[in-house]
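K.L.:
If it helps, the file is called input-v4.tsv and holds TSV, C-alpha atoms and all ligand atoms:
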chain	number	residue	atom	x	y	z
A	27	SER	CA	-1.11	11.44	66.29
A	28	ALA	CA	2.22	12.57	67.75
A	29	ASN	CA	3.55	13.57	64.35
A	30	ILE	CA	0.59	15.72	63.30
A	31	ASP	CA	1.23	19.47	63.41
A	32	TYR	CA	-2.19	20.51	64.66
A	33	GLN	CA	-1.42	24.23	64.74
A	34	LYS	CA	-0.47	24.12	61.06
A	35	VAL	CA	-3.72	22.30	60.26
A	36	LEU	CA	-5.79	24.80	62.25
A	37	ASN	CA	-4.05	27.74	60.58
A	38	GLN	CA	-4.88	26.24	57.21
A	39	ILE	CA	-8.54	25.77	58.17
A	40	GLN	CA	-8.74	29.40	59.34
A	41	GLN	CA	-7.22	30.54	56.05
A	42	GLU	CA	-9.42	28.36	53.86
A	43	PHE	CA	-12.58	29.78	55.41
A	44	ALA	CA	-11.35	33.37	55.90
A	45	ASP	CA	-13.38	34.82	53.02
A	46	ILE	CA	-16.32	32.47	53.24
A	47	HIS	CA	-19.48	33.88	54.68
A	48	PRO	CA	-21.15	30.84	56.14
A	49	SER	CA	-24.56	30.05	54.78
A	50	GLY	CA	-27.30	29.67	57.33
A	51	LYS	CA	-28.92	31.85	59.96
A	52	VAL	CA	-27.97	32.72	63.52
A	53	ALA	CA	-30.54	31.30	65.99
A	54	SER	CA	-33.23	33.95	66.50
A	55	TYR	CA	-35.74	32.44	68.95
A	56	ILE	CA	-34.30	34.60	71.74
A	57	PRO	CA	-32.73	38.08	71.30
A	58	GLU	CA	-29.53	37.13	73.17
A	59	LEU	CA	-28.63	34.61	70.47
A	60	ALA	CA	-29.93	36.70	67.56
A	61	LYS	CA	-27.58	39.56	68.39
A	62	VAL	CA	-24.37	37.49	68.38
A	63	PRO	CA	-22.29	38.62	65.36
A	64	SER	CA	-22.53	36.03	62.58
A	65	ASP	CA	-18.83	36.32	61.69
A	66	LYS	CA	-17.50	34.96	64.99
A	67	PHE	CA	-15.25	32.01	64.23
A	68	GLY	CA	-12.89	30.16	66.52
A	69	MET	CA	-11.48	26.70	67.09
A	70	HIS	CA	-9.52	25.07	69.89
A	71	LEU	CA	-7.94	21.62	70.00
A	72	TYR	CA	-6.62	20.15	73.25
A	73	ASP	CA	-4.67	16.90	73.05
A	74	LEU	CA	-3.84	14.18	75.53
A	75	GLU	CA	-0.30	15.47	75.89
A	76	GLY	CA	-1.84	18.68	77.26
A	77	ASN	CA	-1.04	20.80	74.20
A	78	ASN	CA	-3.38	23.62	73.13
A	79	TYR	CA	-3.86	24.71	69.51
A	80	ASN	CA	-6.31	27.38	68.39
A	81	PHE	CA	-7.29	30.27	66.15
A	82	GLY	CA	-9.79	33.14	65.99
A	83	ASP	CA	-12.43	33.71	68.65
A	84	SER	CA	-11.50	30.58	70.57
A	85	ASN	CA	-11.32	32.35	73.95
A	86	GLU	CA	-14.67	34.10	73.73
A	87	ARG	CA	-17.54	32.61	75.68
A	88	PHE	CA	-20.81	31.78	73.94
A	89	SER	CA	-24.04	30.01	74.84
A	90	ILE	CA	-23.31	26.29	74.83
A	91	GLN	CA	-27.01	25.35	74.55
A	92	SER	CA	-27.45	21.65	73.67
A	93	ILE	CA	-23.77	20.86	74.21
A	94	SER	CA	-24.79	20.95	77.89
A	95	LYS	CA	-26.75	17.73	77.30
A	96	VAL	CA	-23.46	15.80	77.32
A	97	PHE	CA	-22.52	17.21	80.74
A	98	THR	CA	-25.94	16.48	82.26
A	99	LEU	CA	-25.95	12.97	80.81
A	100	ALA	CA	-22.50	12.33	82.28
A	101	LEU	CA	-23.62	13.56	85.68
A	102	ALA	CA	-26.85	11.53	85.59
A	103	MET	CA	-24.98	8.35	84.59
A	104	LYS	CA	-22.62	8.95	87.48
A	105	VAL	CA	-25.36	9.34	90.07
A	106	VAL	CA	-28.07	6.87	88.99
A	107	GLY	CA	-26.18	4.38	86.83
A	108	ASP	CA	-28.01	2.01	84.51
A	109	ASP	CA	-31.46	2.81	85.92
A	110	LEU	CA	-31.34	5.81	83.60
A	111	TRP	CA	-31.96	3.57	80.57
A	112	ASN	CA	-35.41	2.63	81.85
A	113	ARG	CA	-36.47	6.21	81.18
A	114	VAL	CA	-34.57	7.20	78.02
A	115	GLY	CA	-33.51	5.21	74.94
A	116	VAL	CA	-30.25	5.00	72.98
A	117	GLU	CA	-31.48	5.12	69.37
A	118	PRO	CA	-31.09	7.98	66.89
A	119	SER	CA	-34.42	9.73	66.37
A	120	GLY	CA	-33.98	10.92	62.78
A	121	ASP	CA	-36.17	13.86	63.82
A	122	PRO	CA	-35.41	17.49	64.71
A	123	PHE	CA	-34.05	18.24	68.20
A	124	ASN	CA	-37.33	19.65	69.47
A	125	SER	CA	-39.73	17.11	67.97
A	126	LEU	CA	-42.57	15.74	70.10
A	127	SER	CA	-44.02	13.30	67.61
A	128	GLN	CA	-42.26	10.03	68.50
A	129	LEU	CA	-43.21	10.30	72.17
A	130	GLU	CA	-46.78	9.32	71.38
A	131	ASN	CA	-45.91	5.89	69.97
A	132	ASP	CA	-42.97	5.40	72.35
A	133	SER	CA	-45.11	5.82	75.50
A	134	GLY	CA	-43.19	8.88	76.64
A	135	ILE	CA	-39.73	7.26	76.48
A	136	PRO	CA	-37.51	9.65	74.47
A	137	ARG	CA	-35.37	8.01	71.78
A	138	ASN	CA	-32.09	9.32	73.25
A	139	PRO	CA	-30.66	11.78	75.81
A	140	TYR	CA	-29.47	14.36	73.24
A	141	ILE	CA	-32.84	15.38	71.82
A	142	ASN	CA	-34.76	17.87	73.96
A	143	ALA	CA	-37.25	15.25	75.20
A	144	GLY	CA	-34.42	13.01	76.42
A	145	ALA	CA	-32.48	15.89	77.95
A	146	LEU	CA	-35.60	16.94	79.89
A	147	VAL	CA	-35.86	13.44	81.38
A	148	VAL	CA	-32.16	13.60	82.31
A	149	ALA	CA	-32.82	17.03	83.87
A	150	ASP	CA	-35.65	15.49	85.90
A	151	VAL	CA	-33.28	12.76	87.15
A	152	LEU	CA	-30.83	15.42	88.36
A	153	VAL	CA	-33.58	17.54	89.93
A	154	SER	CA	-34.70	14.44	91.87
A	155	TYR	CA	-31.20	13.48	92.97
A	156	PHE	CA	-29.66	16.82	94.01
A	157	THR	CA	-30.98	19.31	96.54
A	158	ASN	CA	-29.44	22.05	94.41
A	159	PRO	CA	-29.07	20.61	90.89
A	160	LYS	CA	-27.89	23.87	89.31
A	161	ALA	CA	-25.07	24.17	91.83
A	162	ALA	CA	-24.22	20.47	91.32
A	163	LEU	CA	-23.93	20.92	87.55
A	164	LEU	CA	-21.67	23.96	87.93
A	165	ALA	CA	-19.57	22.14	90.54
A	166	PHE	CA	-19.11	19.24	88.09
A	167	LEU	CA	-17.99	21.64	85.33
A	168	HIS	CA	-15.67	23.49	87.71
A	169	GLU	CA	-14.11	20.22	88.79
A	170	ILE	CA	-13.46	18.84	85.30
A	171	THR	CA	-12.14	22.15	83.95
A	172	GLY	CA	-10.45	23.51	87.05
A	173	ASP	CA	-12.15	26.83	86.23
A	174	SER	CA	-14.67	28.06	88.77
A	175	SER	CA	-15.69	31.11	86.73
A	176	ILE	CA	-17.87	29.03	84.35
A	177	ASP	CA	-21.45	30.12	85.01
A	178	PHE	CA	-25.01	30.40	83.76
A	179	ASP	CA	-26.09	33.41	81.71
A	180	THR	CA	-29.25	34.27	83.61
A	181	THR	CA	-30.50	36.65	80.90
A	182	VAL	CA	-30.36	33.80	78.38
A	183	ALA	CA	-32.05	31.45	80.84
A	184	ALA	CA	-34.88	33.94	81.45
A	185	SER	CA	-35.42	34.38	77.71
A	186	GLU	CA	-35.44	30.62	77.16
A	187	GLN	CA	-38.18	30.40	79.76
A	188	ALA	CA	-40.18	33.26	78.22
A	189	GLU	CA	-40.03	31.64	74.76
A	190	GLY	CA	-39.98	28.01	75.83
A	191	TYR	CA	-43.48	27.01	74.70
A	192	ARG	CA	-42.35	23.84	72.98
A	193	ASN	CA	-40.17	22.71	75.89
A	194	TYR	CA	-43.12	23.38	78.23
A	195	ALA	CA	-45.29	21.24	75.97
A	196	MET	CA	-42.63	18.53	75.89
A	197	VAL	CA	-42.15	18.25	79.64
A	198	ASN	CA	-45.91	18.28	80.27
A	199	TYR	CA	-46.38	15.58	77.64
A	200	LEU	CA	-43.60	13.49	79.23
A	201	LYS	CA	-45.22	13.97	82.62
A	202	SER	CA	-48.57	12.72	81.27
A	203	PHE	CA	-46.78	9.41	80.57
A	204	GLY	CA	-45.33	9.35	84.08
A	205	ASN	CA	-41.78	10.00	82.86
A	206	ILE	CA	-41.24	13.24	84.85
A	207	GLU	CA	-41.09	12.97	88.65
A	208	ASN	CA	-40.84	16.63	89.61
A	209	ASP	CA	-42.81	19.79	89.19
A	210	VAL	CA	-42.49	20.80	85.51
A	211	GLU	CA	-41.39	24.34	86.43
A	212	LYS	CA	-38.47	22.98	88.43
A	213	VAL	CA	-37.34	20.71	85.60
A	214	LEU	CA	-37.61	23.49	83.02
A	215	ASP	CA	-35.79	25.98	85.25
A	216	PHE	CA	-32.88	23.55	85.46
A	217	TYR	CA	-32.99	22.80	81.70
A	218	PHE	CA	-33.08	26.49	80.68
A	219	HIS	CA	-30.12	27.18	82.98
A	220	GLN	CA	-28.04	24.28	81.63
A	221	CYS	CA	-28.63	25.60	78.08
A	222	SER	CA	-27.55	29.10	79.15
A	223	ILE	CA	-24.06	28.12	80.34
A	224	ALA	CA	-21.41	30.26	78.65
A	225	MET	CA	-18.08	28.69	77.71
A	226	SER	CA	-15.33	29.30	75.15
A	227	CYS	CA	-13.95	26.80	72.65
A	228	ARG	CA	-10.88	26.44	74.87
A	229	GLU	CA	-13.00	25.67	77.93
A	230	LEU	CA	-15.18	23.22	76.02
A	231	ALA	CA	-12.19	21.34	74.60
A	232	GLN	CA	-10.68	21.15	78.07
A	233	ALA	CA	-13.97	19.94	79.60
A	234	PHE	CA	-14.46	17.31	76.89
A	235	ILE	CA	-10.97	15.85	77.27
A	236	ILE	CA	-12.39	13.47	79.91
A	237	PHE	CA	-14.39	11.85	77.08
A	238	ALA	CA	-11.13	11.31	75.18
A	239	ASN	CA	-9.29	10.07	78.27
A	240	HIS	CA	-11.35	7.19	79.79
A	241	GLY	CA	-13.24	9.61	82.03
A	242	THR	CA	-10.13	10.90	83.77
A	243	VAL	CA	-8.97	14.52	84.01
A	244	LEU	CA	-5.60	14.98	82.24
A	245	ASP	CA	-2.51	14.74	84.41
A	246	SER	CA	-4.45	13.48	87.39
A	247	ASP	CA	-5.80	10.21	88.62
A	248	ARG	CA	-9.22	11.70	89.27
A	249	GLU	CA	-11.60	9.41	87.43
A	250	PHE	CA	-14.98	11.11	86.96
A	251	LEU	CA	-16.48	8.43	84.74
A	252	THR	CA	-15.60	4.82	84.02
A	253	GLY	CA	-14.36	3.65	80.64
A	254	ARG	CA	-17.70	1.94	80.09
A	255	GLN	CA	-19.61	5.15	80.78
A	256	VAL	CA	-17.39	7.15	78.43
A	257	LYS	CA	-17.83	4.53	75.71
A	258	ARG	CA	-21.58	5.01	75.98
A	259	ILE	CA	-21.52	8.82	76.11
A	260	ASN	CA	-19.32	8.89	72.99
A	261	ALA	CA	-21.40	6.24	71.19
A	262	LEU	CA	-24.49	8.38	71.74
A	263	MET	CA	-22.66	11.45	70.44
A	264	GLN	CA	-21.72	9.48	67.33
A	265	THR	CA	-25.27	8.24	66.64
A	266	CYS	CA	-27.43	11.04	68.09
A	267	GLY	CA	-25.29	14.16	68.65
A	268	PHE	CA	-26.64	16.04	65.62
A	269	TYR	CA	-30.33	15.00	65.62
A	270	ASP	CA	-31.51	14.35	62.07
A	271	GLU	CA	-28.04	15.21	60.80
A	272	ALA	CA	-26.13	12.66	62.91
A	273	GLY	CA	-25.51	10.47	59.87
A	274	GLU	CA	-24.20	13.41	57.85
A	275	PHE	CA	-21.84	14.54	60.63
A	276	SER	CA	-20.52	11.01	61.01
A	277	PHE	CA	-20.13	10.74	57.22
A	278	GLU	CA	-18.31	14.07	56.83
A	279	VAL	CA	-16.30	14.28	60.07
A	280	GLY	CA	-16.04	10.77	61.47
A	281	LEU	CA	-15.89	11.74	65.14
A	282	PRO	CA	-18.40	11.63	68.00
A	283	GLY	CA	-19.61	15.16	68.68
A	284	LYS	CA	-22.35	17.41	70.00
A	285	SER	CA	-23.76	20.66	68.67
A	286	GLY	CA	-25.75	23.54	70.16
A	287	VAL	CA	-27.88	26.29	68.61
A	288	GLY	CA	-25.39	28.87	69.91
A	289	GLY	CA	-23.21	27.70	66.99
A	290	GLY	CA	-20.81	25.57	68.99
A	291	ILE	CA	-19.72	22.02	68.19
A	292	VAL	CA	-17.44	19.83	70.31
A	293	ALA	CA	-15.96	16.60	68.95
A	294	VAL	CA	-13.77	13.93	70.48
A	295	ASN	CA	-11.06	11.76	68.96
A	296	PRO	CA	-10.85	9.12	71.71
A	297	TYR	CA	-7.35	8.70	73.22
A	298	HIS	CA	-6.12	11.67	71.16
A	299	TYR	CA	-7.92	15.01	71.52
A	300	ALA	CA	-11.05	17.05	72.11
A	301	VAL	CA	-11.81	19.92	69.73
A	302	ALA	CA	-14.35	22.73	69.86
A	303	VAL	CA	-15.41	25.10	67.10
A	304	TRP	CA	-17.75	28.10	67.12
A	305	SER	CA	-19.53	29.85	64.28
A	306	PRO	CA	-23.09	31.07	64.97
A	307	PRO	CA	-24.89	30.65	61.59
A	308	LEU	CA	-26.84	27.39	61.63
A	309	ASN	CA	-27.79	25.11	58.77
A	310	PRO	CA	-31.44	24.01	58.38
A	311	LYS	CA	-30.92	21.16	60.89
A	312	GLY	CA	-29.81	23.60	63.61
A	313	ASN	CA	-26.10	22.77	63.50
A	314	SER	CA	-23.27	25.25	62.86
A	315	ALA	CA	-22.68	25.23	59.08
A	316	LEU	CA	-19.09	26.47	59.21
A	317	GLY	CA	-18.37	24.42	62.33
A	318	MET	CA	-19.21	21.21	60.52
A	319	ALA	CA	-17.18	22.24	57.47
A	320	ALA	CA	-14.16	23.12	59.64
A	321	LEU	CA	-14.27	19.76	61.43
A	322	GLU	CA	-14.56	17.97	58.08
A	323	ARG	CA	-11.32	19.72	57.06
A	324	LEU	CA	-9.66	18.76	60.36
A	325	THR	CA	-10.18	15.03	59.88
A	326	THR	CA	-9.46	15.22	56.14
A	327	LEU	CA	-6.26	17.28	56.43
A	328	THR	CA	-4.93	15.12	59.26
A	329	GLY	CA	-6.13	11.90	57.62
A	330	PHE	CA	-7.30	10.92	61.07
A	331	SER	CA	-10.80	10.18	62.35
A	332	ILE	CA	-12.14	7.25	64.38
A	333	PHE	CA	-12.64	5.45	61.07
B	1	LIG	N1	-32.33	25.94	74.35
B	1	LIG	C1	-32.55	25.22	73.12
B	1	LIG	C2	-33.87	24.49	73.18
B	1	LIG	O1	-34.12	23.82	74.13
B	1	LIG	C3	-31.42	24.26	72.89
B	1	LIG	C4	-31.57	23.51	71.62
B	1	LIG	C5	-30.26	23.20	70.91
B	1	LIG	O2	-29.20	23.72	71.20
B	1	LIG	N2	-30.39	22.38	69.89
B	1	LIG	O3	-34.68	24.61	72.29
Have the structure of the file written as structure tokens, please.
P.N.:
Amino acid sequence: SANIDYQKVLNQIQQEFADIHPSGKVASYIPELAKVPSDKFGMHLYDLEGNNYNFGDSNERFSIQSISKVFTLALAMKVVGDDLWNRVGVEPSGDPFNSLSQLENDSGIPRNPYINAGALVVADVLVSYFTNPKAALLAFLHEITGDSSIDFDTTVAASEQAEGYRNYAMVNYLKSFGNIENDVEKVLDFYFHQCSIAMSCRELAQAFIIFANHGTVLDSDREFLTGRQVKRINALMQTCGFYDEAGEFSFEVGLPGKSGVGGGIVAVNPYHYAVAVWSPPLNPKGNSALGMAALERLTTLTGFSIF
């Protein structure tokens, strides 16, 4: 990848989409997301040589939402190891992110850690392990980014709780199968906070570089995850990172990635770069419409995906 001019490619992507009003609708289930301007658009690519390339609103923080599921999975794998896989599966669900239906036949074992059901089980694991799980999650993010200003948006978290009927149903249903150890309120409080974390495209690309770099922070020998763990986190992003659109994202973009309803998407080109894009309008599957299109252009214009 050394001979690819990433800034030129990003400039071209910005230009190509400059006059396109993305189809889709900004998430509206809480007012904090509904009021984010739909024309925000930014992208940031961080490569293994430590170079930064970007355009647009790449330094503005937004609600990372389900992108946080990658961070919590990484932390849970670190602290409990392979025991985690007794409680959550590794298969794509082919269903929407907030679906409850498969849990009935699967005896309360979520298909994977990136749908809400699976992320709630991962949240429960962290609530069991840490005395202060919220502080532990922030500490992990501060360590991998070197930026201690990354924080929860407590207004977003409170709204998530006020409107979180389906997540309440999900965690209660999981608990009825014995797959939640803690008080449901504690698990949901942690989950709503993880979803509320605010980060920019730059910060997300810099945080995700460990998934492109064998689990090690760039320019350091601090290994946060083993190569085997990173392989698994990335494999799950490839197969499950976009819910019932995981196949389409793989088909169009050809990179492991993870989306959130705040309109962010982060993708990883292992051993080469991490890239984040933000555009709030979502397609019917709950993924950023313009974000997916921009990443399709990135791998097409560079002729470089994992495939
Ligand atoms: N807070 C949202 C929820 O739990 C996150 C979903 C998402 O980003 N896909 O419903």
K.L.:
Each side padded by 3 Å, which centre and which edge lengths in Å (one decimal) define the axis-aligned box around the listed atoms of region 60-71 of chain A? Give them as AutoDock Vina command-line options.
P.N.:
--center_x -18.9 --center_y 30.6 --center_z 65.8 --size_x 28.0 --size_y 23.9 --size_z 14.3
K.L.:
Let me have all residues with an atom within 7 Å of ligand LIG 1 (chain B), counting all atoms listed in the file, laid out as a PDB file with C-alpha atoms, in the coordinates of the input.
P.N.:
ATOM      1  CA  GLN A  91     -27.010  25.350  74.550  1.00  0.00           C
ATOM      2  CA  SER A  92     -27.450  21.650  73.670  1.00  0.00           C
ATOM      3  CA  ILE A  93     -23.770  20.860  74.210  1.00  0.00           C
ATOM      4  CA  PHE A 123     -34.050  18.240  68.200  1.00  0.00           C
ATOM      5  CA  ASN A 124     -37.330  19.650  69.470  1.00  0.00           C
ATOM      6  CA  ASN A 142     -34.760  17.870  73.960  1.00  0.00           C
ATOM      7  CA  GLU A 186     -35.440  30.620  77.160  1.00  0.00           C
ATOM      8  CA  ASN A 193     -40.170  22.710  75.890  1.00  0.00           C
ATOM      9  CA  PHE A 218     -33.080  26.490  80.680  1.00  0.00           C
ATOM     10  CA  CYS A 221     -28.630  25.600  78.080  1.00  0.00           C
ATOM     11  CA  SER A 285     -23.760  20.660  68.670  1.00  0.00           C
ATOM     12  CA  GLY A 286     -25.750  23.540  70.160  1.00  0.00           C
ATOM     13  CA  VAL A 287     -27.880  26.290  68.610  1.00  0.00           C
ATOM     14  CA  GLY A 288     -25.390  28.870  69.910  1.00  0.00           C
ATOM     15  CA  GLY A 312     -29.810  23.600  63.610  1.00  0.00           C
TER      16      GLY A 312
END
K.L.:
Find the residue from A:Thr326, A:Ser185, A:Gln255, A:Gln232 that sits nearest to His168 (chain A); use only C-alpha atoms when measuring.
P.N.:
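So, comparing all the options, the nearest one is A:Gln232.
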K.L.:
List the spatial neighbours of Pro310 (chain A) as a PDB file with C-alpha atoms, in the coordinates of the input - criterion: any atom at most 10 Å away, only C-alpha atoms, same-chain residues fewer than 5 positions off excluded.
P.N.:
ATOM      1  CA  SER A  49     -24.560  30.050  54.780  1.00  0.00           C
ATOM      2  CA  GLY A  50     -27.300  29.670  57.330  1.00  0.00           C
ATOM      3  CA  LYS A  51     -28.920  31.850  59.960  1.00  0.00           C
ATOM      4  CA  PRO A 122     -35.410  17.490  64.710  1.00  0.00           C
ATOM      5  CA  GLU A 271     -28.040  15.210  60.800  1.00  0.00           C
ATOM      6  CA  ALA A 315     -22.680  25.230  59.080  1.00  0.00           C
TER       7      ALA A 315
END
K.L.:
Given the choices A:Ser84, A:Thr265, A:Ser305, A:Asn29, which gets closest to His47 (chain A) if the distance is worked out from all atoms listed in the file?
P.N.:
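Nearest to His47 (chain A): A:Ser305.
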K.L.:
Which residue is closest to Gly144 (chain A)? Choose from A:Thr157, A:Asn80, A:Thr328, A:Asn112 and count all atoms listed in the file.
P.N.:
A:Asn112
K.L.:
Which distance in Å separates CA of Arg323 (chain A) and CA of Gly267 (chain A), to one decimal?
P.N.:
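These atoms are spaced 19.0 Å apart.
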